[in-house]
file target_7.txt (compact mmCIF, C-alpha atoms and all ligand atoms)
# COMPACT_ATOMS: atom_id res chain seq x y z
CA MET A 1 17.33 -0.31 -16.86
CA LEU A 2 13.90 1.21 -17.53
CA ASP A 3 10.95 -0.42 -15.80
CA PHE A 4 7.48 1.11 -15.98
CA SER A 5 5.74 -1.74 -14.16
CA PHE A 6 4.16 -1.66 -10.71
CA SER A 7 5.11 -4.25 -8.09
CA GLU A 8 2.78 -7.22 -7.52
CA ASP A 9 1.58 -5.59 -4.29
CA HIS A 10 0.83 -2.37 -6.14
CA GLU A 11 -1.10 -4.27 -8.85
CA GLU A 12 -3.12 -6.11 -6.20
CA PHE A 13 -3.87 -2.88 -4.32
CA GLN A 14 -4.91 -1.16 -7.57
CA LYS A 15 -7.29 -4.00 -8.41
CA THR A 16 -8.90 -4.00 -4.96
CA LEU A 17 -9.40 -0.24 -4.99
CA SER A 18 -10.73 0.06 -8.52
CA THR A 19 -13.25 -2.71 -7.85
CA PHE A 20 -14.29 -0.99 -4.62
CA ALA A 21 -14.52 2.38 -6.39
CA ARG A 22 -16.72 1.09 -9.20
CA ARG A 23 -18.96 -1.07 -6.99
CA GLU A 24 -19.30 1.05 -3.87
CA LEU A 25 -18.58 4.64 -4.87
CA LEU A 26 -19.67 5.06 -8.48
CA PRO A 27 -23.39 4.20 -8.15
CA GLY A 28 -24.08 7.04 -5.65
CA TYR A 29 -21.50 9.56 -6.89
CA THR A 30 -23.85 11.85 -8.82
CA ALA A 31 -26.45 12.01 -6.06
CA ARG A 32 -23.81 12.49 -3.33
CA SER A 33 -22.14 15.27 -5.27
CA ALA A 34 -25.33 17.32 -5.26
CA SER A 35 -25.25 17.45 -1.46
CA SER A 36 -23.02 19.36 0.96
CA GLU A 37 -23.22 16.53 3.46
CA PHE A 38 -19.91 14.77 3.96
CA PRO A 39 -20.23 10.97 3.42
CA PHE A 40 -18.53 9.77 6.60
CA ALA A 41 -19.87 6.20 6.25
CA LEU A 42 -17.99 5.83 2.95
CA LEU A 43 -14.90 7.55 4.32
CA LYS A 44 -14.87 4.93 7.08
CA LYS A 45 -14.98 2.18 4.44
CA ILE A 46 -12.04 3.81 2.65
CA GLY A 47 -10.24 3.96 5.99
CA ASP A 48 -10.92 0.24 6.50
CA LEU A 49 -9.09 -0.44 3.21
CA GLY A 50 -5.95 1.06 4.78
CA VAL A 51 -5.81 3.87 2.26
CA LEU A 52 -5.84 6.80 4.65
CA GLY A 53 -2.67 5.99 6.54
CA ILE A 54 -0.18 5.56 3.70
CA GLY A 55 3.28 6.32 5.10
CA LEU A 56 1.95 7.16 8.57
CA PRO A 57 3.09 5.28 11.69
CA GLU A 58 1.57 1.83 12.31
CA ARG A 59 0.94 2.66 15.99
CA PHE A 60 -1.70 5.15 14.80
CA GLY A 61 -3.20 2.75 12.25
CA GLY A 62 -1.00 3.75 9.30
CA THR A 63 0.91 1.53 6.86
CA GLY A 64 4.27 2.48 8.31
CA GLU A 65 6.19 2.34 5.06
CA ASP A 66 6.37 5.62 3.16
CA ASP A 67 5.20 4.75 -0.35
CA PRO A 68 4.21 7.81 -2.42
CA VAL A 69 3.51 5.62 -5.48
CA LEU A 70 0.88 3.76 -3.45
CA LEU A 71 -0.75 7.09 -2.62
CA GLY A 72 -0.89 7.89 -6.34
CA ILE A 73 -2.44 4.51 -7.14
CA ALA A 74 -5.06 5.03 -4.42
CA SER A 75 -5.98 8.52 -5.61
CA GLU A 76 -6.28 7.42 -9.24
CA ALA A 77 -8.26 4.24 -8.53
CA LEU A 78 -10.72 5.78 -6.05
CA ALA A 79 -11.47 8.54 -8.57
CA TYR A 80 -13.00 5.95 -10.92
CA GLY A 81 -15.86 5.96 -8.43
CA ASP A 82 -15.87 9.36 -6.74
CA VAL A 83 -13.28 12.05 -7.39
CA ASN A 84 -14.31 13.90 -4.23
CA LEU A 85 -13.74 10.97 -1.90
CA ALA A 86 -10.57 10.14 -3.84
CA SER A 87 -9.03 13.28 -2.39
CA ALA A 88 -9.26 11.82 1.14
CA PRO A 89 -5.95 9.88 1.04
CA ILE A 90 -4.18 13.01 -0.23
CA GLN A 91 -5.72 15.24 2.42
CA VAL A 92 -4.91 12.78 5.21
CA GLY A 93 -1.41 12.30 3.77
CA LEU A 94 -0.80 16.06 3.88
CA VAL A 95 -2.35 16.52 7.30
CA GLY A 96 -0.61 13.45 8.73
CA ALA A 97 2.82 14.42 7.40
CA GLN A 98 2.51 17.73 9.22
CA LEU A 99 1.06 16.33 12.43
CA LEU A 100 4.14 14.12 12.69
CA HIS A 101 6.03 17.33 13.51
CA GLY A 102 3.62 17.94 16.41
CA THR A 103 3.58 16.86 20.04
CA GLU A 104 2.74 13.32 21.11
CA GLU A 105 -0.53 14.67 22.57
CA VAL A 106 -1.61 16.10 19.23
CA GLN A 107 -0.59 12.98 17.29
CA GLN A 108 -2.50 10.74 19.72
CA ARG A 109 -5.56 12.95 19.50
CA TYR A 110 -5.83 13.36 15.74
CA LEU A 111 -3.92 10.69 13.81
CA PRO A 112 -5.95 7.58 14.78
CA PRO A 113 -9.37 9.07 13.88
CA VAL A 114 -8.25 10.65 10.58
CA ILE A 115 -6.48 7.42 9.51
CA ALA A 116 -9.60 5.44 10.42
CA GLY A 117 -11.79 7.80 8.39
CA GLU A 118 -13.75 8.93 11.43
CA GLU A 119 -12.73 12.59 11.49
CA ASN A 120 -11.56 15.20 9.00
CA LEU A 121 -8.93 17.87 9.37
CA ALA A 122 -8.67 20.90 7.09
CA ILE A 123 -5.53 22.69 5.91
CA ALA A 124 -6.02 26.44 6.09
CA LEU A 125 -3.35 28.51 4.39
CA THR A 126 -5.22 30.73 1.90
CA GLU A 127 -6.59 34.10 3.01
CA PRO A 128 -8.71 36.73 1.28
CA GLU A 129 -5.56 38.76 0.45
CA SER A 130 -3.13 35.87 -0.15
CA GLY A 131 -3.57 32.74 -2.26
CA SER A 132 -0.77 32.20 -4.79
CA ASP A 133 1.33 34.59 -2.73
CA ALA A 134 0.78 32.38 0.31
CA SER A 135 3.63 33.77 2.39
CA ALA A 136 1.87 37.17 2.40
CA LEU A 137 -0.61 35.75 4.92
CA ARG A 138 -1.84 38.15 7.60
CA THR A 139 -3.31 35.89 10.31
CA THR A 140 -1.40 36.57 13.52
CA ALA A 141 -0.35 34.44 16.48
CA ARG A 142 0.40 36.41 19.64
CA ARG A 143 2.21 34.71 22.52
CA VAL A 144 0.23 34.56 25.78
CA ALA A 145 0.65 32.47 28.94
CA GLY A 146 0.38 28.79 28.00
CA GLY A 147 -0.08 29.31 24.28
CA TRP A 148 -1.09 31.76 21.57
CA LEU A 149 -4.01 33.94 20.54
CA LEU A 150 -4.89 33.67 16.85
CA ASN A 151 -6.62 36.38 14.82
CA GLY A 152 -7.39 36.41 11.11
CA GLU A 153 -9.39 34.88 8.31
CA LYS A 154 -8.79 31.85 6.10
CA THR A 155 -10.77 31.38 2.92
CA ALA A 156 -11.50 28.75 0.22
CA ILE A 157 -10.68 25.92 2.61
CA SER A 158 -11.68 22.39 1.58
CA TRP A 159 -13.13 20.15 4.31
CA ALA A 160 -13.84 23.22 6.49
CA MET A 161 -17.49 22.24 7.03
CA SER A 162 -16.84 18.66 8.13
CA ALA A 163 -13.48 19.08 9.89
CA SER A 164 -13.14 18.85 13.64
CA ALA A 165 -9.87 20.81 13.49
CA ALA A 166 -7.70 22.70 11.01
CA LEU A 167 -4.02 23.28 10.48
CA ILE A 168 -3.81 27.07 10.65
CA TYR A 169 -0.78 29.04 9.50
CA ALA A 170 -0.26 32.29 11.36
CA ARG A 171 2.61 34.74 11.76
CA GLU A 172 4.21 36.37 14.75
CA GLU A 173 3.30 40.06 14.67
CA GLY A 174 5.94 42.21 12.95
CA THR A 175 7.34 39.38 10.76
CA THR A 176 7.11 39.32 6.97
CA ARG A 177 6.97 36.67 4.22
CA SER A 178 7.64 33.05 5.22
CA SER A 179 9.76 33.80 8.29
CA GLY A 180 7.82 33.92 11.53
CA VAL A 181 4.96 31.75 10.23
CA SER A 182 3.98 28.89 12.54
CA CYS A 183 1.53 26.05 12.07
CA PHE A 184 -1.09 25.28 14.73
CA VAL A 185 -3.75 22.64 14.96
CA VAL A 186 -6.91 24.44 15.99
CA ASP A 187 -10.06 22.71 17.26
CA LEU A 188 -12.84 24.27 15.18
CA ALA A 189 -15.20 24.11 18.16
CA SER A 190 -12.91 26.56 20.05
CA GLU A 191 -14.33 29.84 21.28
CA GLY A 192 -13.76 32.59 18.68
CA VAL A 193 -13.83 30.29 15.62
CA ALA A 194 -16.53 30.86 12.99
CA VAL A 195 -16.83 28.60 9.94
CA ARG A 196 -18.87 29.70 6.92
CA HIS A 197 -19.84 27.55 3.97
CA MET A 198 -18.75 28.68 0.49
CA ILE A 199 -20.63 27.11 -2.40
CA GLY A 200 -18.48 26.17 -5.38
CA MET A 201 -19.40 24.85 -8.85
CA GLY A 202 -18.39 21.33 -7.73
CA CYS A 203 -16.83 19.41 -4.83
CA LEU A 204 -19.90 20.17 -2.68
CA PRO A 205 -19.41 17.24 -0.27
CA LEU A 206 -15.92 18.53 0.51
CA GLY A 207 -17.50 21.39 2.43
CA TRP A 208 -15.53 24.36 1.13
CA GLY A 209 -15.55 27.29 3.52
CA SER A 210 -13.93 30.19 5.31
CA ILE A 211 -12.62 30.08 8.86
CA THR A 212 -12.52 33.26 10.95
CA LEU A 213 -10.40 33.37 14.07
CA ASP A 214 -11.22 36.04 16.63
CA GLY A 215 -8.84 35.83 19.60
CA VAL A 216 -8.75 32.03 19.51
CA PHE A 217 -6.61 30.51 22.26
CA VAL A 218 -4.34 27.68 21.11
CA PRO A 219 -2.33 25.83 23.78
CA ASP A 220 1.46 25.32 23.52
CA SER A 221 0.92 21.62 22.82
CA HIS A 222 -0.87 22.47 19.55
CA LEU A 223 2.09 24.08 17.81
CA ILE A 224 3.13 21.89 14.87
CA GLY A 225 6.89 21.82 14.32
CA GLU A 226 9.21 24.62 15.26
CA GLU A 227 7.88 28.07 16.04
CA GLY A 228 8.35 30.30 12.96
CA ARG A 229 9.10 27.34 10.61
CA GLY A 230 5.56 26.27 9.73
CA PHE A 231 5.62 27.56 6.18
CA GLN A 232 8.68 25.55 5.12
CA VAL A 233 7.21 22.34 6.58
CA ALA A 234 3.95 22.82 4.67
CA MET A 235 5.68 23.53 1.34
CA ASN A 236 7.82 20.39 1.53
CA HIS A 237 4.75 18.16 1.51
CA PHE A 238 3.03 19.80 -1.46
CA ASP A 239 5.42 17.95 -3.78
CA PHE A 240 3.69 14.61 -3.21
CA SER A 241 0.17 15.99 -3.01
CA ARG A 242 0.57 17.71 -6.38
CA ALA A 243 1.42 14.49 -8.21
CA ALA A 244 -1.33 12.57 -6.40
CA ILE A 245 -3.87 15.28 -7.28
CA GLY A 246 -2.83 14.91 -10.92
CA LEU A 247 -3.50 11.17 -10.78
CA MET A 248 -6.81 11.68 -9.02
CA CYS A 249 -8.00 13.97 -11.84
CA LEU A 250 -6.75 11.46 -14.42
CA GLY A 251 -8.65 8.64 -12.67
CA ALA A 252 -11.89 10.60 -13.17
CA ALA A 253 -10.93 11.15 -16.82
CA GLU A 254 -10.08 7.47 -17.44
CA GLN A 255 -13.47 6.44 -16.09
CA SER A 256 -15.19 9.04 -18.28
CA LEU A 257 -13.36 7.86 -21.37
CA GLU A 258 -14.31 4.25 -20.65
CA GLU A 259 -17.95 5.27 -20.35
CA ALA A 260 -17.66 7.20 -23.63
CA ALA A 261 -16.10 4.21 -25.42
CA LEU A 262 -18.90 1.94 -24.22
CA TYR A 263 -21.56 4.46 -25.18
CA ALA A 264 -20.00 4.91 -28.63
CA THR A 265 -20.45 1.21 -29.35
CA GLN A 266 -24.09 1.28 -28.17
CA ARG A 267 -25.35 4.48 -29.80
CA SER A 268 -26.16 4.38 -33.52
CA THR A 269 -26.76 7.23 -35.95
CA PHE A 270 -27.34 6.98 -39.70
CA GLY A 271 -27.48 3.21 -39.43
CA LYS A 272 -24.23 2.44 -37.63
CA PRO A 273 -22.61 2.76 -34.20
CA ILE A 274 -21.04 6.18 -33.65
CA SER A 275 -17.77 4.40 -32.74
CA GLU A 276 -17.37 3.76 -36.46
CA TYR A 277 -17.02 7.48 -37.17
CA GLN A 278 -13.51 8.84 -36.83
CA GLY A 279 -15.06 12.04 -35.47
CA VAL A 280 -15.87 9.93 -32.40
CA SER A 281 -13.09 7.33 -32.28
CA PHE A 282 -10.19 9.75 -32.86
CA PRO A 283 -11.02 11.95 -29.85
CA LEU A 284 -11.02 8.74 -27.78
CA ALA A 285 -7.56 7.92 -29.14
CA GLU A 286 -6.25 11.45 -28.62
CA GLN A 287 -7.50 11.77 -25.05
CA ALA A 288 -6.19 8.31 -24.15
CA THR A 289 -2.77 9.40 -25.44
CA TYR A 290 -2.73 12.60 -23.37
CA ILE A 291 -3.88 10.70 -20.28
CA GLU A 292 -1.15 8.11 -20.72
CA GLY A 293 1.51 10.81 -21.03
CA ALA A 294 0.29 12.77 -18.00
CA ARG A 295 -0.02 9.61 -15.86
CA TRP A 296 3.65 8.82 -16.25
CA VAL A 297 4.71 12.35 -15.39
CA CYS A 298 2.77 11.97 -12.12
CA TYR A 299 4.05 8.49 -11.33
CA ARG A 300 7.62 9.51 -12.12
CA ALA A 301 7.33 12.41 -9.66
CA LEU A 302 6.09 10.01 -6.96
CA TRP A 303 8.73 7.42 -7.82
CA LEU A 304 11.48 10.04 -7.53
CA ARG A 305 10.11 11.06 -4.15
CA GLN A 306 10.25 7.44 -3.07
CA GLN A 307 13.93 7.37 -4.14
CA ASP A 308 14.50 10.58 -2.18
CA ARG A 309 15.52 12.33 -5.40
CA PRO A 310 14.56 15.85 -6.55
CA HIS A 311 11.03 15.96 -7.97
CA THR A 312 9.70 19.48 -7.39
CA SER A 313 9.53 20.34 -11.10
CA LEU A 314 7.85 17.06 -12.01
CA ALA A 315 5.35 17.54 -9.18
CA SER A 316 4.50 20.97 -10.59
CA MET A 317 4.21 19.52 -14.11
CA SER A 318 1.79 16.92 -12.69
CA LYS A 319 -0.22 19.59 -10.94
CA TRP A 320 -0.69 21.99 -13.87
CA TRP A 321 -0.91 19.54 -16.76
CA ALA A 322 -2.82 16.49 -15.49
CA PRO A 323 -5.94 18.43 -14.39
CA VAL A 324 -6.05 20.15 -17.81
CA VAL A 325 -5.68 16.80 -19.60
CA ALA A 326 -8.38 15.34 -17.35
CA LYS A 327 -10.78 18.24 -17.89
CA ASP A 328 -10.34 18.01 -21.68
CA ALA A 329 -10.84 14.23 -21.67
CA ILE A 330 -14.01 14.54 -19.61
CA GLU A 331 -15.28 17.25 -21.95
CA ALA A 332 -14.59 15.00 -24.96
CA SER A 333 -16.46 12.15 -23.20
CA MET A 334 -19.41 14.46 -22.56
CA LYS A 335 -19.55 15.41 -26.26
CA ILE A 336 -19.56 11.74 -27.30
CA HIS A 337 -22.60 11.28 -25.04
CA GLY A 338 -24.52 13.98 -26.95
CA ASN A 339 -27.30 15.51 -24.85
CA LEU A 340 -26.76 12.88 -22.14
CA GLY A 341 -23.30 14.31 -21.48
CA TYR A 342 -24.98 17.52 -20.37
CA SER A 343 -27.58 15.75 -18.24
CA ALA A 344 -27.32 16.09 -14.47
CA GLU A 345 -28.40 12.45 -14.21
CA PHE A 346 -25.07 11.34 -15.64
CA PRO A 347 -21.78 11.63 -13.76
CA LEU A 348 -19.80 13.24 -16.61
CA GLN A 349 -20.81 16.86 -16.04
CA GLN A 350 -20.26 16.36 -12.31
CA ARG A 351 -16.73 15.08 -12.87
CA PHE A 352 -16.06 18.04 -15.13
CA ARG A 353 -17.11 20.46 -12.37
CA ASP A 354 -15.24 18.58 -9.64
CA VAL A 355 -12.00 18.32 -11.63
CA MET A 356 -12.12 22.05 -12.48
CA ALA A 357 -11.36 22.72 -8.78
CA TYR A 358 -7.83 21.40 -9.23
CA LEU A 359 -6.96 23.95 -11.89
CA VAL A 360 -6.75 26.32 -8.91
CA ALA A 361 -6.66 24.35 -5.62
CA ASP A 362 -3.18 23.54 -4.31
CA GLY A 363 -1.59 26.14 -6.62
CA THR A 364 -2.62 27.44 -10.04
CA ALA A 365 -1.03 26.45 -13.37
CA GLU A 366 0.78 29.80 -13.51
CA ILE A 367 2.41 29.22 -10.13
CA GLN A 368 3.44 25.68 -11.15
CA LYS A 369 4.91 26.96 -14.43
CA GLY A 370 6.83 29.56 -12.44
CA ILE A 371 8.40 26.76 -10.36
CA ILE A 372 9.28 24.70 -13.45
CA SER A 373 10.71 27.60 -15.44
CA LYS A 374 12.79 28.78 -12.48
CA GLU A 375 14.48 25.38 -12.38
CA ILE A 376 15.05 25.35 -16.17
CA LEU A 377 16.52 28.83 -16.14
CA ALA A 378 18.74 28.06 -13.14
CA ARG A 379 20.50 25.29 -15.08
CA LYS A 380 22.13 27.87 -17.36
CA THR A 381 24.03 25.14 -19.24
CA VAL A 382 24.20 25.02 -23.01
CA SER A 383 25.80 22.08 -24.77
CA LEU A 384 26.75 22.72 -28.37
C1 LIG B 401 -11.83 24.12 -4.84
C2 LIG B 401 -10.74 24.78 -4.10
C3 LIG B 401 -10.27 24.21 -2.93
C4 LIG B 401 -9.28 24.84 -2.18
N1 LIG B 401 -8.87 24.30 -1.00
C5 LIG B 401 -7.97 24.94 -0.24
C6 LIG B 401 -7.57 24.42 1.04
O1 LIG B 401 -8.02 23.37 1.46
N2 LIG B 401 -6.70 25.13 1.79
C7 LIG B 401 -6.16 26.31 1.36
O2 LIG B 401 -5.36 26.90 2.10
N3 LIG B 401 -6.51 26.84 0.16
C8 LIG B 401 -7.39 26.19 -0.65
N4 LIG B 401 -7.77 26.71 -1.86
C9 LIG B 401 -7.24 27.99 -2.27
C10 LIG B 401 -6.20 27.89 -3.39
O3 LIG B 401 -5.00 27.33 -2.91
C11 LIG B 401 -6.00 29.30 -3.96
O4 LIG B 401 -7.23 29.69 -4.53
C12 LIG B 401 -4.92 29.33 -5.01
O5 LIG B 401 -3.64 29.16 -4.43
C13 LIG B 401 -4.92 30.66 -5.80
O6 LIG B 401 -5.00 31.74 -4.96
P1 LIG B 401 -6.10 32.90 -5.20
O7 LIG B 401 -7.42 32.26 -5.36
O8 LIG B 401 -5.96 33.90 -4.12
O9 LIG B 401 -5.72 33.54 -6.57
P2 LIG B 401 -4.60 34.65 -6.82
O10 LIG B 401 -3.35 34.29 -6.13
O11 LIG B 401 -5.16 35.99 -6.51
O12 LIG B 401 -4.40 34.55 -8.39
C14 LIG B 401 -5.35 35.06 -9.32
C15 LIG B 401 -4.85 34.76 -10.72
O13 LIG B 401 -3.57 35.40 -10.91
C16 LIG B 401 -2.60 34.43 -11.29
N5 LIG B 401 -1.33 34.78 -10.67
C17 LIG B 401 -1.10 35.13 -9.38
N6 LIG B 401 0.20 35.36 -9.19
C18 LIG B 401 0.81 35.11 -10.35
C19 LIG B 401 2.17 35.14 -10.79
N7 LIG B 401 3.16 35.44 -9.97
N8 LIG B 401 2.43 34.84 -12.09
C20 LIG B 401 1.43 34.50 -12.95
N9 LIG B 401 0.13 34.44 -12.59
C21 LIG B 401 -0.16 34.75 -11.32
C22 LIG B 401 -3.11 33.11 -10.74
O14 LIG B 401 -2.56 32.00 -11.45
C23 LIG B 401 -4.61 33.26 -10.96
O15 LIG B 401 -4.93 32.93 -12.28
C24 LIG B 401 -8.74 26.08 -2.63
C25 LIG B 401 -9.20 26.64 -3.83
C26 LIG B 401 -10.18 26.00 -4.56
C27 LIG B 401 -10.67 26.63 -5.83
call {"tool": "encode", "arguments": {"input": "target_7.txt", "output": "structure tokens", "more": "lines below"}}
Ligand SMILES: Cc1cc2nc3c(=O)[nH]c(=O)nc-3n(C[C@H](O)[C@H](O)[C@H](O)COP(=O)(O)OP(=O)(O)OC[C@H]3O[C@@H](n4cnc5c(N)ncnc54)[C@H](O)[C@@H]3O)c2cc1C
result
Amino acid sequence: MLDFSFSEDHEEFQKTLSTFARRELLPGYTARSASSEFPFALLKKIGDLGVLGIGLPERFGGTGEDDPVLLGIASEALAYGDVNLASAPIQVGLVGAQLLHGTEEVQQRYLPPVIAGEENLAIALTEPESGSDASALRTTARRVAGGWLLNGEKTAISWAMSASAALIYAREEGTTRSSGVSCFVVDLASEGVAVRHMIGMGCLPLGWGSITLDGVFVPDSHLIGEEGRGFQVAMNHFDFSRAAIGLMCLGAAEQSLEEAALYATQRSTFGKPISEYQGVSFPLAEQATYIEGARWVCYRALWLRQQDRPHTSLASMSKWWAPVVAKDAIEASMKIHGNLGYSAEFPLQQRFRDVMAYLVADGTAEIQKGIISKEILARKTVSL
């Protein structure tokens, strides 16, 4: 039987988070977004709501139960207030899922503070010569007594400026493609690490940057998972982050559309509210329709993950389509606001710039469409 409803617990959680997002995050969003300073005080509050440990072990402060749908609800609801901070549960989810393959020492060191919202960890896969083609990475890990020496450069890394450590993917010298790539957790205060800020058109508080590694020693205990299998472990987790990113972008769009609807009833031209013109009300209807469609693609991907059923294609659909739908809905909301939509004093233009990041981050639309089409073409079945 079909059932599109959330559980009572999910509804309750959604209500708590959307209230928190609109009361605590929304009022300062525009001002915060103009600064590169990471808002740790707010991250701590988000941590206190239990949102940063979804699916991570209770002994480290997590919720214990793996519930990808809950992660989607959190990402969507927090984005009503601040789409940048709404990415925190996704980032911690991705980082945490990988740290669980690490040693007890590493888990003890990093999981409690990231789940509490006291520290950030970055995920550093992309390099100047390899983004979409991630397995072409060149950073090397050379075995030495007691650990490894890492050399290379990572670029376009979110959270780099505020992170205390990063998950770094590096290959054994002489290996190619995904084989021979290991994942290491590297303290960014280590000797030989240099972090440089990169300024983007949005997402400033997320501290985008490059990380250069010049003979950085990483102890044995900081290998995450099996040696040479780091790439496969990372790829497995992108399926839930992609759907949650889609919902996060849609959360920002839903908020924008609500603001546009309210504004349309308050602003009058030629003697009547602009909401009475179909040129204004129909875009609201159209964007609400696209958002509704994209939301259920994302939630279905997360629901399938919860059921342990295949969801890679749906995750890729969520990742390429939802950010486009969100961007278009925010743009429509800006237009309804007239000149105010363009004003830096209003959050709309900021959301537009922040959401644009996800057209590229975590895999471009072209890469996602490649994944989807591969699956379609592999079916090779024709029923007449
Ligand atoms: C805001 C932001 C945050 C990011 N955060 C992180 C992070 O935290 N950690 C991290 O590791 N990386 C991060 N990235 C990097 C991101 O994952 C890469 O930028 C992305 O994977 C694309 O890689 P690229 O920039 O090298 O583009 P390229 O791979 O060089 O692609 C350039 C263009 O060619 C297209 N293209 C490439 N190959 C194909 C193909 N086979 N078929 C069709 N089209 C193709 C792409 O779609 C794109 O349009 C971030 C990027 C952004 C913008």
call {"tool": "residues_around", "arguments": {"input": "target_7.txt", "residues": "Arg229 of chain A", "least_positions_apart": "4", "cutoff": "10 Å", "atoms": "only C-alpha atoms", "output": "PyMOL selection string"}}
result
chain A and resi 171+178-183+224-225+233-234
call {"tool": "write_last_selection", "arguments": {"input": "target_7.txt", "atoms": "C-alpha atoms", "output": "short mmCIF file (atom, residue, chain, number, x, y, z; two decimals), in the frame of the given file"}}
result
data_model
loop_
_atom_site.label_atom_id
_atom_site.label_comp_id
_atom_site.auth_asym_id
_atom_site.auth_seq_id
_atom_site.Cartn_x
_atom_site.Cartn_y
_atom_site.Cartn_z
CA ARG A 171 2.61 34.74 11.76
CA SER A 178 7.64 33.05 5.22
CA SER A 179 9.76 33.80 8.29
CA GLY A 180 7.82 33.92 11.53
CA VAL A 181 4.96 31.75 10.23
CA SER A 182 3.98 28.89 12.54
CA CYS A 183 1.53 26.05 12.07
CA ILE A 224 3.13 21.89 14.87
CA GLY A 225 6.89 21.82 14.32
CA VAL A 233 7.21 22.34 6.58
CA ALA A 234 3.95 22.82 4.67
#
call {"tool": "residues_near_ligand", "arguments": {"input": "target_7.txt", "ligand": "ligand LIG 401 (chain B)", "cutoff": "10 Å", "atoms": "all atoms listed in the file", "output": "MDAnalysis selection string"}}
result
chainID A and resid 91 121:134 154:160 166:169 198:204 206:210 353:370
call {"tool": "residues_near_point", "arguments": {"input": "target_7.txt", "point": "(-8.4, 4.2, -8.8)", "cutoff": "9 Å", "atoms": "only C-alpha atoms", "output": "JSON, numbers by chain"}}
result
{"A": [14, 15, 17, 18, 19, 20, 21, 22, 72, 73, 74, 75, 76, 77, 78, 79, 80, 81, 86, 247, 248, 251, 252]}
call {"tool": "residues_around", "arguments": {"input": "target_7.txt", "residues": "segment 66-70 of chain A", "least_positions_apart": "5", "cutoff": "8 Å", "atoms": "only C-alpha atoms", "output": "list in words"}}
result
His10, Ile54, Gly55, Leu56, Phe240, Tyr299, Leu302, Trp303, Arg305 and Gln306 of chain A
call {"tool": "residues_around", "arguments": {"input": "target_7.txt", "residues": "Glu254 of chain A", "least_positions_apart": "5", "cutoff": "9 Å", "atoms": "only C-alpha atoms", "output": "PDB file with C-alpha atoms, in the coordinates of the input"}}
result
ATOM      1  CA  TYR A  80     -13.000   5.950 -10.920  1.00  0.00           C
ATOM      2  CA  CYS A 249      -8.000  13.970 -11.840  1.00  0.00           C
ATOM      3  CA  GLU A 259     -17.950   5.270 -20.350  1.00  0.00           C
ATOM      4  CA  ALA A 288      -6.190   8.310 -24.150  1.00  0.00           C
ATOM      5  CA  ILE A 291      -3.880  10.700 -20.280  1.00  0.00           C
ATOM      6  CA  ALA A 326      -8.380  15.340 -17.350  1.00  0.00           C
ATOM      7  CA  ALA A 329     -10.840  14.230 -21.670  1.00  0.00           C
ATOM      8  CA  ILE A 330     -14.010  14.540 -19.610  1.00  0.00           C
TER       9      ILE A 330
END
call {"tool": "closest_residue", "arguments": {"input": "target_7.txt", "among": "A:Ile245, A:Leu52, A:Lys335, A:Tyr342", "to": "Ala322 of chain A", "atoms": "all atoms listed in the file"}}
result
A:Ile245
call {"tool": "atom_distance", "arguments": {"input": "target_7.txt", "atom1": "atom CA of Glu37 of chain A", "atom2": "atom CA of Pro205 of chain A"}}
result
5.4 Å
call {"tool": "residues_around", "arguments": {"input": "target_7.txt", "residues": "segment 316-319 of chain A", "least_positions_apart": "3", "cutoff": "6 Å", "atoms": "all atoms listed in the file", "output": "ChimeraX atom specification"}}
result
/A:242-243,246,298,313,322,368
call {"tool": "residues_around", "arguments": {"input": "target_7.txt", "residues": "Gly338 of chain A", "least_positions_apart": "2", "cutoff": "12 Å", "atoms": "all atoms listed in the file", "output": "PyMOL selection string"}}
result
chain A and resi 260+263-264+267-269+274+280+331-336+340-343+346+348-349
call {"tool": "closest_residue", "arguments": {"input": "target_7.txt", "among": "A:Asp48, A:Glu292, A:Glu8, A:Asp82", "to": "Val114 of chain A", "atoms": "only C-alpha atoms"}}
result
A:Asp48
call {"tool": "closest_atom_pairs", "arguments": {"input": "target_7.txt", "of": "segment 232-339 of chain A", "to": "segment 98-109 of chain A", "cutoff": "12 Å", "atoms": "all atoms listed in the file", "output": "CSV"}}
result
residue,atom,partner,partner_atom,distance
A:Gln232,CA,A:Gln98,CA,10.8
A:Val233,CA,A:Gln98,CA,7.1
A:Ala234,CA,A:Gln98,CA,7.0
A:Met235,CA,A:Gln98,CA,10.3
A:Asn236,CA,A:Gln98,CA,9.7
A:His237,CA,A:Gln98,CA,8.0
A:Phe238,CA,A:Gln98,CA,10.9
